[in-house]
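A.B. asks: Could you have a look at this structure, given as structure tokens, before my questions?
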Amino acid sequence: MNSRWPPAVLLLLFPAFTLFAADASVAGRITDPQDRPVADAKIHLSTGQDTISDVNGRFRFDPVAEGAHTITATAPEFAGAATSFRIAPGEVLTLDLQFTQVAARTDALTVTADVKDHDIRNPDPAQRVMARDEVLDANPGRPGAPVSIPGLPTETASGGIKAPQYFAPGVAGDHGEPIAQFIQLGSFLLPNNLSANAHGNGYSDPNIMVPAIIESVETDGGSFNVREGNHSVDLAAVYGLRQTLKPFATLTADYRDADLSAGWKWFAAEASYGNGLLDTLEHRQQYKLNGLRGWTLGAHSLTALFIGYYGASRIPGLVPVNVPDLHDTIDPRQHDQTHTGEIALNDVWHLAPNAELQLSGFFRTYNLALYSNFGDGLIRQSEFRTENGGNAAYVRKLNARFSVMAGIDYFREAPRRDDLDRYASTDPAIYGPFEKITANNITLNFLTPFIAIDGNILRWLHYNLGWRRDQIGFDNDDLLNPVNSFHRWQGINSPKATLAFVPPEALWLPSVSLSFGQSFFTNDPRIGAGTGQGSLISRAHAWQLVAGKTIGRTDLRVVLGRVTQEASLAKIDPDTGLQFDEGPGRNRYITVSARHRFSAGLLQASFSKADARGLSDGTPVPEAPRLIADVLGTLDRLPFHLRARAQFEEVGSKPLGDGFLSVPVREFRGALARDFASGRIQTAIHFQIASGYSGQTTEVLALPGEGEPFERVVGVYIPSYAALSFSYAFGRRHP
């Protein structure tokens, strides 16, 4: 070893060294002609083994039989690379590869992770990695999620400047508490959630990214990875970014909306303006700047990220469901404005062929000024926050069957003037003064050590064990009622474990994995109009069983999950300023999915059914989706050189509380594209055919001429649309 280990650590690890005898193995790194790491390259060993390079271009095979072998690497943008080698019994061989030529034509790369495809950084076998080319723009030219993640529908306010809400099976998803989101920066998972938001917790905002820079989207059960902390109860989504952009400019427009984006090498920009498709004009404007740059300096791989974002619009907002010809706002005063600035840096220091140290840091600002109508009158929310943090993680592969990772995270989030106001009158005709409900300065400090070990007990039995300790400081400075201010530290342990049975591909047996994890999310520390301090942390326990098998070119998978969450006093009701009393709750779900790859494209489908209930009275959890169905297909060899993308999503009817049910939501999105001038020009038509309402809930309100207000189902109308896009790629192109 190149580093000296303390005697106590060696004593603890001695049983592991004796248990895992070293087999022959091959590990290495694949780089491009400029010696930069290439992620998601397919690495093939002549024994029939395959793997995919990680974000740092690293790969490994173990065990490897003694003798002579050939190893090849392929990636969409490069000509193949290959080399031959000979390995002895028990040898640990380091073998680096480099692409020397750029491919004449770029083809899409598809990776579907299976139970056997995991390592110490990615222990969850339910993850899916999707090439950007296969994921549709969620709403081209319109705000919200930049891409659609199959099986995870989004709900976005009609104005779309606020962050969209992601939904997982049986999870309400309101403000994202059980769902975490990250941006992949080198080997660092940059957190993208907004805790202690002006209305709730846990918003995750992909709005800030230009769609063209997103290369992949990965999802996993967040409870089982020590690198994923706050909000990773039911799910974690990771956006992978392109290291390099070919110069391009794209214009997308319809008769009410227009979007212009452009990129060159490491920089991308986007500007959009739109009026939506409802009667009240949105006057929406958005501006985005994204920069991603990588360098290799000796043993260091550096990656820097810059994000600038500004958005503003009017919000047509909630309308009563099933009221004929009312696709418009019930309060014309609504509008929102937000801006974000962020800079982050990651350094992967390759200390040795089997050891590396990761050092990362980031700083972010965020602002929100929102006027919305939630049924009981106009609500005003505002805040300005700063976030900063750092990470240090050491990863070492001791031999072919045992790896260790240890590190520490620091994160500080500080919302200032986290205000919530409302009009004293619920009559839209009366413009009375705002009534102050909350006004707080909040600081959340996270200090989190973590450790994980990963390896094989037997040849077919793989394990990953992890532990993280989140020590969290809550500072709540109540500017309206100083007596409610407090400072408190609270800690939580989160053990993680995954055990996987991975038989050889030649056998008919499926790969099976069982995972357990304890996780948590931080609640809103404000007391608001309540009578006492709420629950600062909500704990959860999660189990997951995954079975998968590849038959021919078809990947089949079944995921069974169970999450139990403790009771907590959390979030602030925007109408009353009171805290929500939530839980205890239990969510059980099953997801069945299949993906088939063929020469002209792919077809994948998933079906999720969930049962989410409160354990105290057995009633269904309001607003939690019971059914999510998704079908995605691509065709790249249509007549006249056309290419097609299509996706159908359905979110079934769900209970809203007080005996109300939501209206099912169905969306069919598609795109038809064709290249001209040897790929320099691309034209496409994008469309959506939709029915239903986003953000469905219940509110007490009255329409003009109806008399007294009463409770009814409301939502944001989802329109159908069609848009055209024109994209021009600069530089030489080859047929």
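The way I read the labels, and the way they are meant: chains A, B, ... in the order of the structure tokens, residue 1 as the first residue of every chain, and ligand 1 as the first ligand shown, with later ones counted on from there.
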Could you list, as a ChimeraX atom specification, every residue within 10 Å of Arg526 of chain A, counting only C-alpha atoms and ignoring same-chain residues fewer than 6 positions away?
C.D. replies: /A:196,198,418,438-442,475-478,484-486,532-534,536,570-572,577-579
A.B. asks: Using the chain letters and numbers from this document, which residues of segment 22-91 of chain A does DSSP assign to strand (DSSP E), as a PyMOL selection string?
C.D. replies: chain A and resi 25-31+42-45+50-52+58-61+67-75+78-87
A.B. asks: So which residues touch segment 314-321 of chain A within 6 Å, counting only C-alpha atoms, skipping near sequence neighbours fewer than 4 positions away, as a VMD selection string?
C.D. replies: chain A and resid 159 282 328 to 329 334 to 335 713 to 716
A.B. asks: May I ask for the distance between atom CA of Glu711 of chain A and atom CA of Leu326 of chain A, given in Å to one decimal place?
C.D. replies: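 Straight-line distance from atom CA of Glu711 of chain A to atom CA of Leu326 of chain A works out to 17.3 Å.
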A.B. asks: Any idea what's packed within 9 Å of Glu228 of chain A, counting only C-alpha atoms, ignoring anything in its chain fewer than 3 positions away? Could you give it as a ChimeraX atom specification?
C.D. replies: /A:180,182,189,191,222-225,231-232,236
A.B. asks: With only C-alpha atoms as the counted atoms, please give the residues lying no more than 7 Å from segment 562-567 of chain A, apart from itself and same-chain residues fewer than 2 positions off, as number ranges by chain.
C.D. replies: A: 538-544, 582-589
A.B. asks: Take the selection from the previous step and output its residues with N, CA and C atoms, as a PDB file, in the first residue's frame.
C.D. replies:
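To be explicit, this is the file written out as result-v9.pdb:
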ATOM      1  N   SER A 538     -37.632  14.026  10.024  1.00  0.00           N
ATOM      2  CA  SER A 538     -38.532  12.882   9.828  1.00  0.00           C
ATOM      3  C   SER A 538     -37.699  11.691   9.385  1.00  0.00           C
ATOM      4  N   ARG A 539     -37.746  10.618  10.156  1.00  0.00           N
ATOM      5  CA  ARG A 539     -36.985   9.409   9.844  1.00  0.00           C
ATOM      6  C   ARG A 539     -37.839   8.429   9.048  1.00  0.00           C
ATOM      7  N   ALA A 540     -37.156   7.602   8.280  1.00  0.00           N
ATOM      8  CA  ALA A 540     -37.841   6.580   7.492  1.00  0.00           C
ATOM      9  C   ALA A 540     -36.950   5.350   7.404  1.00  0.00           C
ATOM     10  N   HIS A 541     -37.599   4.190   7.247  1.00  0.00           N
ATOM     11  CA  HIS A 541     -36.900   2.930   7.012  1.00  0.00           C
ATOM     12  C   HIS A 541     -37.391   2.359   5.686  1.00  0.00           C
ATOM     13  N   ALA A 542     -36.469   1.869   4.886  1.00  0.00           N
ATOM     14  CA  ALA A 542     -36.834   1.398   3.555  1.00  0.00           C
ATOM     15  C   ALA A 542     -36.243   0.019   3.289  1.00  0.00           C
ATOM     16  N   TRP A 543     -37.031  -0.820   2.607  1.00  0.00           N
ATOM     17  CA  TRP A 543     -36.589  -2.121   2.105  1.00  0.00           C
ATOM     18  C   TRP A 543     -36.817  -2.143   0.605  1.00  0.00           C
ATOM     19  N   GLN A 544     -35.962  -2.859  -0.100  1.00  0.00           N
ATOM     20  CA  GLN A 544     -36.124  -2.967  -1.549  1.00  0.00           C
ATOM     21  C   GLN A 544     -35.630  -4.330  -2.023  1.00  0.00           C
ATOM     22  N   GLU A 582     -48.161  15.085  10.154  1.00  0.00           N
ATOM     23  CA  GLU A 582     -48.024  14.027   9.158  1.00  0.00           C
ATOM     24  C   GLU A 582     -47.601  12.712   9.803  1.00  0.00           C
ATOM     25  N   GLY A 583     -48.046  11.607   9.188  1.00  0.00           N
ATOM     26  CA  GLY A 583     -47.617  10.276   9.596  1.00  0.00           C
ATOM     27  C   GLY A 583     -48.228   9.836  10.914  1.00  0.00           C
ATOM     28  N   PRO A 584     -47.788   8.659  11.393  1.00  0.00           N
ATOM     29  CA  PRO A 584     -46.843   7.764  10.720  1.00  0.00           C
ATOM     30  C   PRO A 584     -47.462   7.152   9.459  1.00  0.00           C
ATOM     31  N   GLY A 585     -46.630   6.806   8.489  1.00  0.00           N
ATOM     32  CA  GLY A 585     -47.155   6.307   7.229  1.00  0.00           C
ATOM     33  C   GLY A 585     -46.362   5.128   6.713  1.00  0.00           C
ATOM     34  N   ARG A 586     -46.978   4.400   5.777  1.00  0.00           N
ATOM     35  CA  ARG A 586     -46.338   3.250   5.158  1.00  0.00           C
ATOM     36  C   ARG A 586     -46.648   3.247   3.672  1.00  0.00           C
ATOM     37  N   ASN A 587     -45.642   3.020   2.870  1.00  0.00           N
ATOM     38  CA  ASN A 587     -45.803   2.968   1.417  1.00  0.00           C
ATOM     39  C   ASN A 587     -45.236   1.652   0.908  1.00  0.00           C
ATOM     40  N   ARG A 588     -46.084   0.877   0.211  1.00  0.00           N
ATOM     41  CA  ARG A 588     -45.641  -0.351  -0.444  1.00  0.00           C
ATOM     42  C   ARG A 588     -45.895  -0.206  -1.940  1.00  0.00           C
ATOM     43  N   TYR A 589     -44.967  -0.661  -2.755  1.00  0.00           N
ATOM     44  CA  TYR A 589     -45.158  -0.518  -4.193  1.00  0.00           C
ATOM     45  C   TYR A 589     -44.455  -1.646  -4.938  1.00  0.00           C
TER      46      TYR A 589
END
A.B. asks: When you count only C-alpha atoms, which of these residues is closest to Ser725 of chain A: A:Ala610, A:Thr252, A:Gly308, A:Gln165?
C.D. replies: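 The closest residue to Ser725 of chain A is A:Thr252.
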A.B. asks: Between atom CA of Ser25 of chain A and atom CA of Glu66 of chain A, what is the distance, to one decimal in Å?
C.D. replies: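 So the answer is 9.4 Å.
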A.B. asks: Quote the spacing between atom CA of Gln358 of chain A and atom CA of Tyr394 of chain A in Å to one decimal place.
C.D. replies: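 Calculated distance between atom CA of Gln358 of chain A and atom CA of Tyr394 of chain A is 6.3 Å.
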A.B. asks: So that I can check the surroundings of segment 460-462 of chain A, please list as an mmCIF file with N, CA and C atoms, in the first residue's frame every protein, DNA and RNA residue that reaches within 10 Å of it, counting only C-alpha atoms and ignoring chain neighbours fewer than 4 positions away.
C.D. replies:
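Printed below is result_32.cif as written:
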data_model
loop_
_atom_site.group_PDB
_atom_site.id
_atom_site.type_symbol
_atom_site.label_atom_id
_atom_site.label_comp_id
_atom_site.auth_asym_id
_atom_site.auth_seq_id
_atom_site.Cartn_x
_atom_site.Cartn_y
_atom_site.Cartn_z
ATOM 1 N N VAL A 115 -28.737 -5.784 -11.633
ATOM 2 C CA VAL A 115 -28.310 -6.084 -10.272
ATOM 3 C C VAL A 115 -26.798 -6.265 -10.211
ATOM 4 N N LYS A 116 -26.219 -6.777 -11.290
ATOM 5 C CA LYS A 116 -24.778 -7.029 -11.288
ATOM 6 C C LYS A 116 -23.955 -5.769 -11.530
ATOM 7 N N HIS A 118 -23.010 -2.724 -10.175
ATOM 8 C CA HIS A 118 -22.892 -1.773 -9.070
ATOM 9 C C HIS A 118 -21.471 -1.809 -8.529
ATOM 10 N N ASP A 119 -21.123 -0.746 -7.808
ATOM 11 C CA ASP A 119 -19.817 -0.676 -7.180
ATOM 12 C C ASP A 119 -19.965 0.096 -5.884
ATOM 13 N N PRO A 123 -24.319 1.485 -5.137
ATOM 14 C CA PRO A 123 -24.714 0.143 -4.684
ATOM 15 C C PRO A 123 -26.127 -0.258 -5.049
ATOM 16 N N ARG A 401 -11.743 -8.117 -4.491
ATOM 17 C CA ARG A 401 -12.996 -8.448 -3.812
ATOM 18 C C ARG A 401 -13.332 -7.524 -2.648
ATOM 19 N N ASP A 454 -17.367 -2.564 0.195
ATOM 20 C CA ASP A 454 -18.033 -3.214 -0.927
ATOM 21 C C ASP A 454 -17.156 -4.369 -1.398
ATOM 22 N N GLY A 455 -17.788 -5.501 -1.728
ATOM 23 C CA GLY A 455 -17.007 -6.628 -2.225
ATOM 24 C C GLY A 455 -17.835 -7.875 -2.384
ATOM 25 N N ASN A 456 -17.163 -8.998 -2.501
ATOM 26 C CA ASN A 456 -17.802 -10.294 -2.671
ATOM 27 C C ASN A 456 -17.526 -11.177 -1.466
ATOM 28 N N THR A 498 -26.773 -3.606 1.210
ATOM 29 C CA THR A 498 -27.273 -4.262 0.007
ATOM 30 C C THR A 498 -26.541 -5.592 -0.157
ATOM 31 N N LEU A 499 -27.310 -6.655 -0.393
ATOM 32 C CA LEU A 499 -26.770 -7.989 -0.632
ATOM 33 C C LEU A 499 -27.329 -8.474 -1.962
ATOM 34 N N ALA A 500 -26.431 -8.835 -2.888
ATOM 35 C CA ALA A 500 -26.859 -9.193 -4.241
ATOM 36 C C ALA A 500 -26.377 -10.586 -4.611
ATOM 37 N N PHE A 501 -27.277 -11.361 -5.194
ATOM 38 C CA PHE A 501 -26.968 -12.677 -5.738
ATOM 39 C C PHE A 501 -26.833 -12.524 -7.248
ATOM 40 N N VAL A 502 -25.630 -12.783 -7.775
ATOM 41 C CA VAL A 502 -25.340 -12.507 -9.184
ATOM 42 C C VAL A 502 -24.791 -13.772 -9.847
ATOM 43 N N PRO A 503 -25.658 -14.617 -10.397
ATOM 44 C CA PRO A 503 -25.183 -15.825 -11.076
ATOM 45 C C PRO A 503 -24.614 -15.490 -12.447
ATOM 46 N N PRO A 504 -23.850 -16.392 -13.051
ATOM 47 C CA PRO A 504 -23.331 -16.142 -14.406
ATOM 48 C C PRO A 504 -24.466 -15.969 -15.414
ATOM 49 N N SER A 511 -30.702 -12.346 -11.500
ATOM 50 C CA SER A 511 -29.948 -11.658 -10.458
ATOM 51 C C SER A 511 -30.940 -11.058 -9.466
ATOM 52 N N VAL A 512 -30.627 -11.176 -8.175
ATOM 53 C CA VAL A 512 -31.547 -10.724 -7.129
ATOM 54 C C VAL A 512 -30.769 -9.909 -6.108
ATOM 55 N N SER A 513 -31.380 -8.816 -5.671
ATOM 56 C CA SER A 513 -30.734 -7.951 -4.681
ATOM 57 C C SER A 513 -31.736 -7.553 -3.610
#
A.B. asks: So that I can see what lies close to Lys397 of chain A, please list as a PyMOL selection string the residues with an atom at most 7 Å from it, counting only C-alpha atoms and leaving out residues fewer than 4 positions away in the same chain.
C.D. replies: chain A and resi 354-355+402-404
A.B. asks: Selected residues, N, CA, C and O atoms, written as a PDB file, in the first residue's frame, please.
C.D. replies:
ATOM      1  N   ASN A 354      -5.306   2.139  -7.691  1.00  0.00           N
ATOM      2  CA  ASN A 354      -6.503   1.644  -7.021  1.00  0.00           C
ATOM      3  C   ASN A 354      -6.941   2.546  -5.874  1.00  0.00           C
ATOM      4  O   ASN A 354      -7.663   2.098  -4.981  1.00  0.00           O
ATOM      5  N   ALA A 355      -6.524   3.810  -5.895  1.00  0.00           N
ATOM      6  CA  ALA A 355      -6.902   4.709  -4.807  1.00  0.00           C
ATOM      7  C   ALA A 355      -7.034   6.132  -5.337  1.00  0.00           C
ATOM      8  O   ALA A 355      -6.249   6.572  -6.179  1.00  0.00           O
ATOM      9  N   PHE A 402     -12.564  -6.473  -2.451  1.00  0.00           N
ATOM     10  CA  PHE A 402     -12.835  -5.627  -1.294  1.00  0.00           C
ATOM     11  C   PHE A 402     -12.428  -4.189  -1.586  1.00  0.00           C
ATOM     12  O   PHE A 402     -11.280  -3.916  -1.959  1.00  0.00           O
ATOM     13  N   SER A 403     -13.378  -3.251  -1.410  1.00  0.00           N
ATOM     14  CA  SER A 403     -13.132  -1.821  -1.590  1.00  0.00           C
ATOM     15  C   SER A 403     -13.678  -1.076  -0.380  1.00  0.00           C
ATOM     16  O   SER A 403     -14.625  -1.539   0.277  1.00  0.00           O
ATOM     17  N   VAL A 404     -13.098   0.082  -0.101  1.00  0.00           N
ATOM     18  CA  VAL A 404     -13.550   0.903   1.018  1.00  0.00           C
ATOM     19  C   VAL A 404     -13.662   2.352   0.569  1.00  0.00           C
ATOM     20  O   VAL A 404     -12.866   2.819  -0.265  1.00  0.00           O
TER      21      VAL A 404
END
A.B. asks: Rank nothing, just name the residue among A:Leu661, A:Ile30, A:Ala172, A:Leu444 nearest to Gly80 of chain A, using only C-alpha atoms.
C.D. replies: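 Of all the options, A:Ile30 lies closest to Gly80 of chain A.
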A.B. asks: For Ser720 of chain A, which residue out of A:Ala690, A:Ala269, A:Leu368, A:Ile52 is the nearest one, using only C-alpha atoms?
C.D. replies: A:Ala690
A.B. asks: For Arg132 of chain A, which residue out of A:Trp264, A:Tyr239, A:Phe99, A:Phe446 is the nearest one, using only C-alpha atoms?
C.D. replies: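 Nearest candidate to Arg132 of chain A out of A:Trp264, A:Tyr239, A:Phe99, A:Phe446: A:Tyr239.
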A.B. asks: Step one, run DSSP on the backbone; step two, keep only residues of segment 51-287 of chain A assigned to helix (DSSP H, G or I); then write them as JSON, numbers by chain.
C.D. replies: {"A": [132, 133, 134, 174, 175, 176, 206, 207, 208, 211, 212, 213, 222, 223, 224]}
A.B. asks: Using N, CA and C atoms, can you export the residues from the last selection as a PDB file, in the first residue's frame?
C.D. replies:
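Output contents, as saved in out16.pdb:
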ATOM      1  N   ARG A 132     -29.070  10.757 -23.057  1.00  0.00           N
ATOM      2  CA  ARG A 132     -29.886  11.960 -23.249  1.00  0.00           C
ATOM      3  C   ARG A 132     -30.700  11.890 -24.541  1.00  0.00           C
ATOM      4  N   ASP A 133     -30.149  11.237 -25.565  1.00  0.00           N
ATOM      5  CA  ASP A 133     -30.832  11.188 -26.846  1.00  0.00           C
ATOM      6  C   ASP A 133     -32.153  10.425 -26.764  1.00  0.00           C
ATOM      7  N   GLU A 134     -32.297   9.594 -25.749  1.00  0.00           N
ATOM      8  CA  GLU A 134     -33.507   8.792 -25.635  1.00  0.00           C
ATOM      9  C   GLU A 134     -34.551   9.410 -24.716  1.00  0.00           C
ATOM     10  N   ASP A 174     -45.299  16.450  -2.882  1.00  0.00           N
ATOM     11  CA  ASP A 174     -45.533  17.882  -2.724  1.00  0.00           C
ATOM     12  C   ASP A 174     -44.314  18.517  -2.077  1.00  0.00           C
ATOM     13  N   HIS A 175     -43.599  19.300  -2.867  1.00  0.00           N
ATOM     14  CA  HIS A 175     -42.388  20.002  -2.457  1.00  0.00           C
ATOM     15  C   HIS A 175     -41.209  19.067  -2.248  1.00  0.00           C
ATOM     16  N   GLY A 176     -41.342  17.809  -2.687  1.00  0.00           N
ATOM     17  CA  GLY A 176     -40.192  16.948  -2.861  1.00  0.00           C
ATOM     18  C   GLY A 176     -39.549  16.380  -1.621  1.00  0.00           C
ATOM     19  N   PRO A 206     -34.605  21.509 -11.510  1.00  0.00           N
ATOM     20  CA  PRO A 206     -33.838  21.299 -12.737  1.00  0.00           C
ATOM     21  C   PRO A 206     -34.019  22.419 -13.752  1.00  0.00           C
ATOM     22  N   ASN A 207     -34.911  23.380 -13.452  1.00  0.00           N
ATOM     23  CA  ASN A 207     -35.118  24.524 -14.340  1.00  0.00           C
ATOM     24  C   ASN A 207     -33.828  25.233 -14.706  1.00  0.00           C
ATOM     25  N   ILE A 208     -32.853  25.190 -13.811  1.00  0.00           N
ATOM     26  CA  ILE A 208     -31.637  25.986 -13.974  1.00  0.00           C
ATOM     27  C   ILE A 208     -30.714  25.433 -15.048  1.00  0.00           C
ATOM     28  N   PRO A 211     -31.293  22.195 -21.399  1.00  0.00           N
ATOM     29  CA  PRO A 211     -31.467  20.776 -21.734  1.00  0.00           C
ATOM     30  C   PRO A 211     -30.300  20.169 -22.504  1.00  0.00           C
ATOM     31  N   ALA A 212     -29.656  20.938 -23.373  1.00  0.00           N
ATOM     32  CA  ALA A 212     -28.589  20.382 -24.216  1.00  0.00           C
ATOM     33  C   ALA A 212     -27.391  19.902 -23.414  1.00  0.00           C
ATOM     34  N   ILE A 213     -27.169  20.417 -22.195  1.00  0.00           N
ATOM     35  CA  ILE A 213     -25.986  19.996 -21.449  1.00  0.00           C
ATOM     36  C   ILE A 213     -26.230  18.700 -20.688  1.00  0.00           C
ATOM     37  N   GLY A 222     -32.953   6.129  -3.075  1.00  0.00           N
ATOM     38  CA  GLY A 222     -31.966   6.923  -2.363  1.00  0.00           C
ATOM     39  C   GLY A 222     -31.605   6.439  -0.976  1.00  0.00           C
ATOM     40  N   SER A 223     -32.383   5.542  -0.392  1.00  0.00           N
ATOM     41  CA  SER A 223     -32.119   5.109   0.981  1.00  0.00           C
ATOM     42  C   SER A 223     -30.884   4.234   1.112  1.00  0.00           C
ATOM     43  N   PHE A 224     -30.300   3.768  -0.008  1.00  0.00           N
ATOM     44  CA  PHE A 224     -29.310   2.712   0.076  1.00  0.00           C
ATOM     45  C   PHE A 224     -27.913   3.139  -0.347  1.00  0.00           C
TER      46      PHE A 224
END
A.B. asks: Using only C-alpha atoms for the distances, tell me which of A:Arg469, A:Asn192, A:Gly432, A:Ile453 is nearest to Gly389 of chain A.
C.D. replies: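 The answer is A:Asn192, which sits nearest to Gly389 of chain A.
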A.B. asks: Which residue out of A:Pro655, A:Gly692, A:Gly601, A:Gly276 has the minimum interatomic distance to Pro622 of chain A when only C-alpha atoms are used?
C.D. replies: A:Pro655
